[in-house]
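Below is input-v9.pdb, holding PDB, C-alpha atoms, pLDDT in the B column.
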ATOM      1  CA  LYS A  28     -30.140 -13.262  19.548  1.00 57.00           C
ATOM      2  CA  GLY A  29     -30.896 -14.912  16.233  1.00 56.00           C
ATOM      3  CA  ASP A  30     -31.119 -11.509  14.539  1.00 59.00           C
ATOM      4  CA  ILE A  31     -27.800 -10.421  16.040  1.00 63.00           C
ATOM      5  CA  LYS A  32     -26.088 -13.571  14.807  1.00 59.00           C
ATOM      6  CA  LYS A  33     -27.616 -13.076  11.381  1.00 63.00           C
ATOM      7  CA  LEU A  34     -26.423  -9.468  11.211  1.00 58.00           C
ATOM      8  CA  PHE A  35     -22.962 -10.505  12.419  1.00 57.00           C
ATOM      9  CA  PHE A  36     -22.767 -13.202   9.722  1.00 61.00           C
ATOM     10  CA  ILE A  37     -23.818 -10.691   7.045  1.00 63.00           C
ATOM     11  CA  ALA A  38     -21.210  -8.164   8.249  1.00 56.00           C
ATOM     12  CA  VAL A  39     -18.457 -10.778   8.170  1.00 58.00           C
ATOM     13  CA  LEU A  40     -19.549 -11.929   4.725  1.00 64.00           C
ATOM     14  CA  LEU A  41     -19.563  -8.366   3.387  1.00 63.00           C
ATOM     15  CA  GLY A  42     -16.173  -7.658   4.941  1.00 58.00           C
ATOM     16  CA  THR A  43     -14.704 -10.786   3.419  1.00 61.00           C
ATOM     17  CA  SER A  44     -16.159  -9.946   0.014  1.00 55.00           C
ATOM     18  CA  ILE A  45     -14.778  -6.406   0.130  1.00 57.00           C
ATOM     19  CA  PHE A  46     -11.338  -7.632   1.217  1.00 53.00           C
ATOM     20  CA  THR A  47     -11.316 -10.269  -1.531  1.00 52.00           C
ATOM     21  CA  GLY A  48     -12.369  -7.677  -4.090  1.00 50.00           C
ATOM     22  CA  VAL A  49      -9.681  -5.216  -3.012  1.00 45.00           C
ATOM     23  CA  PHE A  50      -7.024  -7.939  -3.053  1.00 46.00           C
ATOM     24  CA  ALA A  51      -8.142  -9.145  -6.477  1.00 45.00           C
ATOM     25  CA  PHE A  52      -8.093  -5.617  -7.840  1.00 42.00           C
ATOM     26  CA  SER A  53      -4.653  -4.936  -6.375  1.00 46.00           C
ATOM     27  CA  TYR A  54      -3.304  -8.178  -7.829  1.00 46.00           C
ATOM     28  CA  TRP A  55      -4.825  -7.399 -11.232  1.00 44.00           C
ATOM     29  CA  ARG A  56      -3.372  -3.895 -11.122  1.00 52.00           C
ATOM     30  CA  LEU A  57       0.104  -5.244 -10.320  1.00 53.00           C
ATOM     31  CA  LYS A  58      -0.103  -7.802 -13.108  1.00 56.00           C
ATOM     32  CA  THR A  59      -1.257  -5.281 -15.714  1.00 62.00           C
ATOM     33  CA  ARG A  60       0.845  -2.277 -14.694  1.00 87.00           C
ATOM     34  CA  THR A  61       3.303  -1.318 -17.412  1.00 95.00           C
ATOM     35  CA  PRO A  62       7.083  -0.944 -16.989  1.00 95.00           C
ATOM     36  CA  GLN A  63       6.720   2.741 -17.834  1.00 96.00           C
ATOM     37  CA  ALA A  64       4.187   3.199 -15.030  1.00 97.00           C
ATOM     38  CA  TYR A  65       6.594   1.604 -12.559  1.00 97.00           C
ATOM     39  CA  PHE A  66       9.393   3.775 -13.910  1.00 97.00           C
ATOM     40  CA  GLU A  67       7.387   6.969 -13.487  1.00 97.00           C
ATOM     41  CA  ALA A  68       6.530   6.040  -9.903  1.00 97.00           C
ATOM     42  CA  GLY A  69      10.190   5.252  -9.221  1.00 97.00           C
ATOM     43  CA  LYS A  70      11.327   8.497 -10.804  1.00 97.00           C
ATOM     44  CA  ALA A  71       8.934  10.434  -8.580  1.00 97.00           C
ATOM     45  CA  TYR A  72      10.393   8.719  -5.502  1.00 97.00           C
ATOM     46  CA  TYR A  73      13.929   9.307  -6.810  1.00 97.00           C
ATOM     47  CA  ASP A  74      13.282  13.037  -7.262  1.00 97.00           C
ATOM     48  CA  GLN A  75      12.020  13.176  -3.661  1.00 97.00           C
ATOM     49  CA  GLY A  76      15.131  11.424  -2.366  1.00 96.00           C
ATOM     50  CA  LYS A  77      13.150   8.312  -1.348  1.00 97.00           C
ATOM     51  CA  PHE A  78      15.732   5.938  -2.754  1.00 97.00           C
ATOM     52  CA  SER A  79      14.530   2.722  -1.105  1.00 95.00           C
ATOM     53  CA  ASP A  80      11.050   3.204  -2.557  1.00 97.00           C
ATOM     54  CA  ALA A  81      12.530   4.172  -5.910  1.00 97.00           C
ATOM     55  CA  THR A  82      14.626   1.000  -5.963  1.00 97.00           C
ATOM     56  CA  ILE A  83      11.516  -1.168  -5.536  1.00 97.00           C
ATOM     57  CA  GLU A  84       9.660   0.567  -8.360  1.00 97.00           C
ATOM     58  CA  PHE A  85      12.581   0.399 -10.789  1.00 97.00           C
ATOM     59  CA  MET A  86      13.124  -3.279 -10.004  1.00 97.00           C
ATOM     60  CA  ASN A  87       9.430  -3.969 -10.597  1.00 97.00           C
ATOM     61  CA  ALA A  88       9.718  -2.253 -13.975  1.00 97.00           C
ATOM     62  CA  LEU A  89      12.681  -4.442 -14.880  1.00 97.00           C
ATOM     63  CA  LYS A  90      10.768  -7.575 -13.875  1.00 96.00           C
ATOM     64  CA  ARG A  91       8.243  -6.609 -16.562  1.00 95.00           C
ATOM     65  CA  ASP A  92      10.872  -5.603 -19.114  1.00 96.00           C
ATOM     66  CA  GLU A  93      14.566  -6.320 -18.531  1.00 94.00           C
ATOM     67  CA  ALA A  94      15.481  -4.040 -21.442  1.00 93.00           C
ATOM     68  CA  HIS A  95      13.695  -0.967 -20.037  1.00 96.00           C
ATOM     69  CA  ARG A  96      16.622   1.403 -20.388  1.00 96.00           C
ATOM     70  CA  ASP A  97      15.484   4.280 -18.158  1.00 97.00           C
ATOM     71  CA  SER A  98      14.508   2.003 -15.279  1.00 97.00           C
ATOM     72  CA  ARG A  99      17.922   0.329 -15.266  1.00 97.00           C
ATOM     73  CA  TYR A 100      19.748   3.648 -15.620  1.00 98.00           C
ATOM     74  CA  TYR A 101      17.861   5.244 -12.747  1.00 98.00           C
ATOM     75  CA  LEU A 102      18.214   2.116 -10.660  1.00 98.00           C
ATOM     76  CA  ALA A 103      21.977   2.591 -11.075  1.00 98.00           C
ATOM     77  CA  LEU A 104      21.642   6.257 -10.069  1.00 98.00           C
ATOM     78  CA  THR A 105      19.625   5.213  -7.044  1.00 97.00           C
ATOM     79  CA  TYR A 106      22.396   2.839  -5.970  1.00 97.00           C
ATOM     80  CA  ILE A 107      24.947   5.619  -6.477  1.00 96.00           C
ATOM     81  CA  SER A 108      22.860   7.895  -4.253  1.00 96.00           C
ATOM     82  CA  GLN A 109      22.925   5.170  -1.599  1.00 94.00           C
ATOM     83  CA  GLN A 110      26.715   4.765  -2.066  1.00 93.00           C
ATOM     84  CA  ASP A 111      26.279   1.191  -3.277  1.00 95.00           C
ATOM     85  CA  LEU A 112      28.809   1.493  -6.083  1.00 94.00           C
ATOM     86  CA  GLY A 113      29.136  -2.236  -6.712  1.00 95.00           C
ATOM     87  CA  SER A 114      25.428  -2.548  -7.496  1.00 96.00           C
ATOM     88  CA  ALA A 115      25.551   0.628  -9.580  1.00 97.00           C
ATOM     89  CA  ILE A 116      28.404  -0.773 -11.675  1.00 97.00           C
ATOM     90  CA  ARG A 117      26.531  -4.033 -12.228  1.00 97.00           C
ATOM     91  CA  GLN A 118      23.405  -2.222 -13.389  1.00 97.00           C
ATOM     92  CA  LEU A 119      25.326   0.068 -15.733  1.00 98.00           C
ATOM     93  CA  ARG A 120      27.245  -2.855 -17.223  1.00 97.00           C
ATOM     94  CA  THR A 121      23.994  -4.717 -17.804  1.00 97.00           C
ATOM     95  CA  LEU A 122      22.506  -1.635 -19.432  1.00 97.00           C
ATOM     96  CA  LEU A 123      25.535  -1.279 -21.696  1.00 97.00           C
ATOM     97  CA  ASP A 124      25.316  -4.929 -22.720  1.00 95.00           C
ATOM     98  CA  ALA A 125      21.955  -4.031 -24.245  1.00 94.00           C
ATOM     99  CA  TYR A 126      22.829  -0.464 -25.317  1.00 95.00           C
ATOM    100  CA  PRO A 127      26.601  -0.369 -25.890  1.00 94.00           C
ATOM    101  CA  ASP A 128      26.509   3.055 -27.562  1.00 94.00           C
ATOM    102  CA  ASP A 129      24.651   4.754 -24.712  1.00 96.00           C
ATOM    103  CA  VAL A 130      26.970   7.700 -24.116  1.00 97.00           C
ATOM    104  CA  GLU A 131      25.209   8.886 -20.953  1.00 97.00           C
ATOM    105  CA  ALA A 132      25.483   5.454 -19.343  1.00 97.00           C
ATOM    106  CA  ASN A 133      29.109   5.067 -20.425  1.00 97.00           C
ATOM    107  CA  LEU A 134      30.012   8.427 -18.900  1.00 98.00           C
ATOM    108  CA  ARG A 135      28.191   7.593 -15.694  1.00 97.00           C
ATOM    109  CA  LEU A 136      29.995   4.259 -15.448  1.00 98.00           C
ATOM    110  CA  GLY A 137      33.323   5.938 -16.137  1.00 98.00           C
ATOM    111  CA  ASN A 138      32.753   8.449 -13.367  1.00 97.00           C
ATOM    112  CA  VAL A 139      31.760   5.703 -10.931  1.00 97.00           C
ATOM    113  CA  TYR A 140      35.051   4.001 -11.772  1.00 97.00           C
ATOM    114  CA  LEU A 141      36.829   7.333 -11.285  1.00 97.00           C
ATOM    115  CA  PHE A 142      35.360   7.658  -7.803  1.00 95.00           C
ATOM    116  CA  GLY A 143      36.253   4.049  -7.048  1.00 94.00           C
ATOM    117  CA  GLY A 144      39.855   4.745  -8.008  1.00 94.00           C
ATOM    118  CA  SER A 145      40.405   6.405  -4.651  1.00 90.00           C
ATOM    119  CA  PHE A 146      39.840   2.951  -3.090  1.00 91.00           C
ATOM    120  CA  ASN A 147      41.320   0.771  -5.837  1.00 93.00           C
ATOM    121  CA  ALA A 148      43.753   2.318  -8.303  1.00 93.00           C
ATOM    122  CA  GLN A 149      42.813  -0.251 -10.955  1.00 94.00           C
ATOM    123  CA  PHE A 150      39.517   1.557 -11.389  1.00 96.00           C
ATOM    124  CA  TYR A 151      41.359   4.525 -12.913  1.00 97.00           C
ATOM    125  CA  GLY A 152      42.289   2.248 -15.801  1.00 97.00           C
ATOM    126  CA  GLU A 153      38.657   1.180 -16.180  1.00 97.00           C
ATOM    127  CA  ALA A 154      37.590   4.837 -16.246  1.00 97.00           C
ATOM    128  CA  GLN A 155      40.098   5.521 -19.030  1.00 97.00           C
ATOM    129  CA  LYS A 156      38.855   2.537 -21.054  1.00 96.00           C
ATOM    130  CA  THR A 157      35.277   3.708 -20.729  1.00 97.00           C
ATOM    131  CA  ALA A 158      36.159   7.223 -21.834  1.00 97.00           C
ATOM    132  CA  GLN A 159      38.248   5.981 -24.740  1.00 96.00           C
ATOM    133  CA  ALA A 160      35.348   3.854 -25.995  1.00 95.00           C
ATOM    134  CA  ILE A 161      33.297   7.043 -26.269  1.00 97.00           C
ATOM    135  CA  LEU A 162      36.121   9.016 -27.878  1.00 97.00           C
ATOM    136  CA  ALA A 163      36.704   6.305 -30.475  1.00 96.00           C
ATOM    137  CA  LYS A 164      33.310   7.224 -31.933  1.00 95.00           C
ATOM    138  CA  ASP A 165      33.208  10.887 -30.919  1.00 97.00           C
ATOM    139  CA  PRO A 166      36.712  12.377 -30.549  1.00 97.00           C
ATOM    140  CA  GLN A 167      35.275  15.741 -29.507  1.00 96.00           C
ATOM    141  CA  ASN A 168      33.152  14.520 -26.635  1.00 97.00           C
ATOM    142  CA  VAL A 169      34.183  16.998 -23.953  1.00 97.00           C
ATOM    143  CA  PRO A 170      32.927  15.045 -20.883  1.00 97.00           C
ATOM    144  CA  ALA A 171      34.878  12.000 -22.100  1.00 98.00           C
ATOM    145  CA  LEU A 172      38.004  14.128 -22.575  1.00 98.00           C
ATOM    146  CA  ILE A 173      37.618  15.467 -19.038  1.00 97.00           C
ATOM    147  CA  LEU A 174      37.041  11.950 -17.703  1.00 98.00           C
ATOM    148  CA  THR A 175      40.236  10.781 -19.400  1.00 98.00           C
ATOM    149  CA  GLY A 176      42.196  13.666 -17.935  1.00 98.00           C
ATOM    150  CA  ASN A 177      40.799  13.017 -14.467  1.00 97.00           C
ATOM    151  CA  ALA A 178      41.551   9.300 -14.645  1.00 97.00           C
ATOM    152  CA  LEU A 179      45.133   9.973 -15.733  1.00 97.00           C
ATOM    153  CA  ALA A 180      45.531  12.438 -12.876  1.00 97.00           C
ATOM    154  CA  GLY A 181      44.246   9.798 -10.472  1.00 96.00           C
ATOM    155  CA  ALA A 182      46.870   7.422 -11.857  1.00 96.00           C
ATOM    156  CA  LYS A 183      49.517  10.138 -11.251  1.00 96.00           C
ATOM    157  CA  ASP A 184      50.211  10.623 -14.972  1.00 97.00           C
ATOM    158  CA  PHE A 185      49.967  14.385 -14.657  1.00 97.00           C
ATOM    159  CA  SER A 186      51.615  15.327 -17.947  1.00 96.00           C
ATOM    160  CA  ALA A 187      49.159  13.234 -19.964  1.00 97.00           C
ATOM    161  CA  SER A 188      46.298  14.525 -17.814  1.00 98.00           C
ATOM    162  CA  VAL A 189      47.184  18.125 -18.682  1.00 97.00           C
ATOM    163  CA  GLU A 190      47.124  17.290 -22.404  1.00 97.00           C
ATOM    164  CA  TRP A 191      43.650  15.789 -22.253  1.00 98.00           C
ATOM    165  CA  LEU A 192      42.194  18.542 -20.091  1.00 98.00           C
ATOM    166  CA  GLU A 193      43.661  21.182 -22.383  1.00 97.00           C
ATOM    167  CA  LYS A 194      41.996  19.410 -25.325  1.00 97.00           C
ATOM    168  CA  ALA A 195      38.682  19.660 -23.469  1.00 97.00           C
ATOM    169  CA  ILE A 196      39.211  23.365 -22.766  1.00 97.00           C
ATOM    170  CA  ALA A 197      40.110  24.037 -26.391  1.00 97.00           C
ATOM    171  CA  LEU A 198      36.761  22.558 -27.432  1.00 97.00           C
ATOM    172  CA  ALA A 199      34.736  23.990 -24.539  1.00 96.00           C
ATOM    173  CA  PRO A 200      36.529  27.056 -23.141  1.00 96.00           C
ATOM    174  CA  LEU A 201      33.516  27.955 -20.983  1.00 95.00           C
ATOM    175  CA  ALA A 202      33.412  24.638 -19.110  1.00 94.00           C
ATOM    176  CA  PRO A 203      34.338  25.512 -15.494  1.00 95.00           C
ATOM    177  CA  GLN A 204      34.947  21.903 -14.447  1.00 94.00           C
ATOM    178  CA  ALA A 205      37.710  21.466 -17.011  1.00 96.00           C
ATOM    179  CA  HIS A 206      39.505  24.591 -15.765  1.00 97.00           C
ATOM    180  CA  HIS A 207      39.102  23.550 -12.132  1.00 97.00           C
ATOM    181  CA  ASN A 208      40.419  20.046 -12.794  1.00 96.00           C
ATOM    182  CA  LEU A 209      43.344  21.383 -14.777  1.00 97.00           C
ATOM    183  CA  GLY A 210      44.121  23.651 -11.845  1.00 97.00           C
ATOM    184  CA  SER A 211      44.147  20.646  -9.526  1.00 96.00           C
ATOM    185  CA  VAL A 212      46.614  18.850 -11.804  1.00 96.00           C
ATOM    186  CA  PHE A 213      48.871  21.895 -11.961  1.00 96.00           C
ATOM    187  CA  ALA A 214      48.744  22.109  -8.158  1.00 96.00           C
ATOM    188  CA  SER A 215      49.779  18.449  -7.941  1.00 94.00           C
ATOM    189  CA  GLN A 216      52.787  19.293 -10.124  1.00 94.00           C
ATOM    190  CA  GLY A 217      53.709  22.263  -7.948  1.00 95.00           C
ATOM    191  CA  ARG A 218      52.792  24.703 -10.721  1.00 96.00           C
ATOM    192  CA  LEU A 219      50.954  26.951  -8.297  1.00 96.00           C
ATOM    193  CA  SER A 220      50.781  30.099 -10.420  1.00 96.00           C
ATOM    194  CA  GLU A 221      49.146  28.194 -13.272  1.00 96.00           C
ATOM    195  CA  ALA A 222      46.883  26.394 -10.836  1.00 97.00           C
ATOM    196  CA  GLY A 223      45.695  29.684  -9.363  1.00 97.00           C
ATOM    197  CA  ALA A 224      44.910  31.065 -12.813  1.00 97.00           C
ATOM    198  CA  CYS A 225      42.829  27.984 -13.629  1.00 97.00           C
ATOM    199  CA  TYR A 226      40.927  28.168 -10.356  1.00 96.00           C
ATOM    200  CA  ARG A 227      40.160  31.856 -10.881  1.00 96.00           C
ATOM    201  CA  ARG A 228      38.929  31.111 -14.381  1.00 96.00           C
ATOM    202  CA  ALA A 229      36.689  28.329 -13.102  1.00 96.00           C
ATOM    203  CA  LEU A 230      35.229  30.585 -10.405  1.00 95.00           C
ATOM    204  CA  ALA A 231      34.582  33.361 -12.912  1.00 94.00           C
ATOM    205  CA  LEU A 232      32.805  30.983 -15.262  1.00 93.00           C
ATOM    206  CA  ARG A 233      30.673  29.611 -12.442  1.00 86.00           C
ATOM    207  CA  ALA A 234      29.780  33.144 -11.346  1.00 81.00           C
ATOM    208  CA  ASP A 235      28.628  33.910 -14.882  1.00 66.00           C
ATOM    209  CA  ASP A 236      26.518  30.748 -15.058  1.00 56.00           C
ATOM    210  CA  PRO A 237      22.894  31.469 -14.044  1.00 46.00           C
ATOM    211  CA  VAL A 238      22.351  27.761 -13.298  1.00 39.00           C
ATOM    212  CA  VAL A 239      25.174  27.762 -10.747  1.00 36.00           C
ATOM    213  CA  GLN A 240      23.999  30.994  -9.198  1.00 33.00           C
TER     214      GLN A 240
END
Turn this file's structure into structure tokens for me.
Amino acid sequence: KGDIKKLFFIAVLLGTSIFTGVFAFSYWRLKTRTPQAYFEAGKAYYDQGKFSDATIEFMNALKRDEAHRDSRYYLALTYISQQDLGSAIRQLRTLLDAYPDDVEANLRLGNVYLFGGSFNAQFYGEAQKTAQAILAKDPQNVPALILTGNALAGAKDFSASVEWLEKAIALAPLAPQAHHNLGSVFASQGRLSEAGACYRRALALRADDPVVQ
């Protein structure tokens, strides 16, 4: 019996030591893991569509470095994928406080506002402001021109929308989205022949695009 008790005590002691060692190693690894390592893990989850797991990793990265641009940007994308637009807007605004000239983040924020306009028309104005901030520094930014046109269409200013979308098409005649959106505006104005021509052009451009195919 004495030997059994001794062996049991040794087993418990070894188990406790192993558990303590594993816990200590895990804690050390968490404390020393870099923001980039958390970001890469989050990005892998994001690409797999595991948005809850991605959110945790991106937030851990931001705990290490609040200014880690890619972690905050992808955290916003993760919220968008989960249809949490309020959180996405907050993350993008925070990102833009640190990187005000980040065109990609500005465009993403503008398009979130554009989507939100279907629930609150005031967001169309915010989308326009965001696009205009980009255009003030880059008047030929085609996505910002399209965003402006779309926001104006959402606000029912169809004439102005046509002007902006036509500017985008003049700069990027092979952009199918611009033609499709212009077609939608024409349809809203009852200009069905012109709308049909725009839709056909958009379809033809998409058919010629190997990425779309």
Given the file shown, enumerate the residues that the PyMOL selection byres ((chain A and resi 194-201) around 10) captures and present them as a ChimeraX atom specification.
/A:167-176,188-193,202-206,209,228-229,231-233,235-236
So, with all atoms listed in the file as the atoms that count, which of A:Ile116, A:Thr61, A:Pro127, A:Lys90 lies closest to A:Lys164?
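Once distances to A:Lys164 are computed over all atoms listed in the file, the minimum belongs to A:Pro127.
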Extract, using all atoms listed in the file, all DNA, RNA and protein residues at most 6 Å from stretch 140-145 of chain A, discarding same-chain residues fewer than 4 positions from it, and format them as a short mmCIF file (atom, residue, chain, number, x, y, z; two decimals) with C-alpha atoms, keeping the file's coordinate frame.
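The file below, selection.cif, is the result:
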data_model
loop_
_atom_site.label_atom_id
_atom_site.label_comp_id
_atom_site.auth_asym_id
_atom_site.auth_seq_id
_atom_site.Cartn_x
_atom_site.Cartn_y
_atom_site.Cartn_z
CA PHE A 150 39.52 1.56 -11.39
CA TYR A 151 41.36 4.53 -12.91
CA ALA A 154 37.59 4.84 -16.25
#
So what does the PyMOL selection byres ((chain A and resi 117) around 12) actually pick up in this one, as a list in words?
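Taken over the shown coordinates, the PyMOL selection byres ((chain A and resi 117) around 12) returns Arg99, Tyr100, Leu102, Ala103, Leu104, Tyr106, Ile107, Asp111, Leu112, Gly113, Ser114, Ala115, Ile116, Gln118, Leu119, Arg120, Thr121, Leu122, Leu123, Asp124, Ala132, Leu136, Val139 and Tyr140 of chain A.
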For the residues in that selection, give me C-alpha atoms as a compact mmCIF listing (two decimals), keeping the file's coordinate frame.
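Dumped everything to part-v1.txt:
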# COMPACT_ATOMS: atom_id res chain seq x y z
CA ARG A 99 17.92 0.33 -15.27
CA TYR A 100 19.75 3.65 -15.62
CA LEU A 102 18.21 2.12 -10.66
CA ALA A 103 21.98 2.59 -11.08
CA LEU A 104 21.64 6.26 -10.07
CA TYR A 106 22.40 2.84 -5.97
CA ILE A 107 24.95 5.62 -6.48
CA ASP A 111 26.28 1.19 -3.28
CA LEU A 112 28.81 1.49 -6.08
CA GLY A 113 29.14 -2.24 -6.71
CA SER A 114 25.43 -2.55 -7.50
CA ALA A 115 25.55 0.63 -9.58
CA ILE A 116 28.40 -0.77 -11.68
CA GLN A 118 23.40 -2.22 -13.39
CA LEU A 119 25.33 0.07 -15.73
CA ARG A 120 27.24 -2.86 -17.22
CA THR A 121 23.99 -4.72 -17.80
CA LEU A 122 22.51 -1.64 -19.43
CA LEU A 123 25.54 -1.28 -21.70
CA ASP A 124 25.32 -4.93 -22.72
CA ALA A 132 25.48 5.45 -19.34
CA LEU A 136 30.00 4.26 -15.45
CA VAL A 139 31.76 5.70 -10.93
CA TYR A 140 35.05 4.00 -11.77
re atom CA of A:Gln159 and atom CA of A:Val130: distance 11.4 Å
Mind giving me the straight-line distance from atom CA of A:Asn87 to atom CA of A:Leu134 in Å, one decimal?
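Taking atom CA of A:Asn87 and atom CA of A:Leu134, their separation equals 25.4 Å.
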Go through A:Ala125, A:Ala71, A:Ala81, A:Val212 one by one, measure the shortest atom-to-atom distance of each to A:Ala94 using all atoms listed in the file, and give the residue with the smallest value.
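For A:Ala94, the nearest of the candidates is A:Ala125.
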